[in-house]
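Below you'll find the structure, written out as structure tokens, and then a few comments.
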Amino acid sequence: MGRLAEEMVGQLSEAASNWWRPGAARSEVLGATREVIDIYARHGSLFAALTETAAYDAEMRAMQVEMVARHARPLEELIESGRGDEVRDVHTHETVAALSWMLQGSCYHLARGADPEQLDRLAEAATSIIWHAIYPDGRS
């Protein structure tokens with residue numbers, strides 16, 4: 001399971017690398033969020049096994065924590081570099097952790113077995129929450 005999880009983490013990291021860029025438009029964030037959700041949805045069984053095993057297996061838990069942290073790093077960098085004019089003044093680590101675990105948990109509960117319309121709505125909802133948590137009002 002570890003090798004397959006690493007492959008999924010690689011796909012998530014690649015998608016997340018395009019996720020948060022200074023000056024990104026909301027439509028770009030939505031597209032990247034949908035791509036991350038699609039990866040979770042495509043690998044639903046593996047993702048569920050990893051999440052459920054992590055509850056009692058320290059090695060799997062560490063892998064899951066690293067997976068979430070790895071695709072959250074670009075957001076931490078964005079907040080730190082854009083604080084003030086481009087990004088809200090938020091507690092970086094706590095905000096990123098809350099948003100990352102929110103998305104991971106949402107995908108675990110809502111993306112597995114969802115149809116494309118449901119995945120679109122999930123991406124729109126997650127993007128809205130993330131956008132308003134990170135970017136100042138009036139930015140589009």
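Naming scheme: A, B, ... for chains in displayed order of the structure tokens; residues 1 onward per chain; ligands 1 onward as shown.
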Residues near Trp101 of chain A, cut-off 10 Å, only C-alpha atoms, skip fewer than 3 positions along chain, as a PyMOL selection string: chain A and resi 65+68-69+72+96-98+104-107
Report the closest atom pair, with its distance in Å rounded to one decimal, for each residue of segment 4-95 of chain A that has an atom no farther than 6 Å from segment 118-131 of chain A; count only C-alpha atoms, sort by chain and then rising residue number, and write it as CSV.
residue,atom,partner,partner_atom,distance
A:Leu30,CA,A:Thr127,CA,5.6
A:Thr33,CA,A:Ala123,CA,5.8
A:Arg34,CA,A:Ala123,CA,5.1
Just the selected residues (N, CA and C atoms), exported as a CSV table (one decimal), in the first residue's frame, please.
chain,number,residue,atom,x,y,z
A,30,LEU,N,-9.8,27.3,-8.5
A,30,LEU,CA,-10.9,26.3,-8.7
A,30,LEU,C,-10.4,25.2,-9.6
A,33,THR,N,-8.0,23.0,-7.5
A,33,THR,CA,-8.8,22.4,-6.5
A,33,THR,C,-9.5,21.2,-7.1
A,34,ARG,N,-10.1,21.4,-8.2
A,34,ARG,CA,-10.9,20.3,-8.8
A,34,ARG,C,-9.9,19.1,-9.2
Distance of atom CA of Glu76 of chain A from atom CA of Glu6 of chain A, expressed in Å to one decimal place: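 Pair atom CA of Glu6 of chain A / atom CA of Glu76 of chain A returns 21.6 Å.
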Residue contacts of segment 111-113 of chain A (7 Å, only C-alpha atoms) excluding same-chain residues fewer than 6 positions away, as a ChimeraX atom specification: /A:37,40-41,44,119
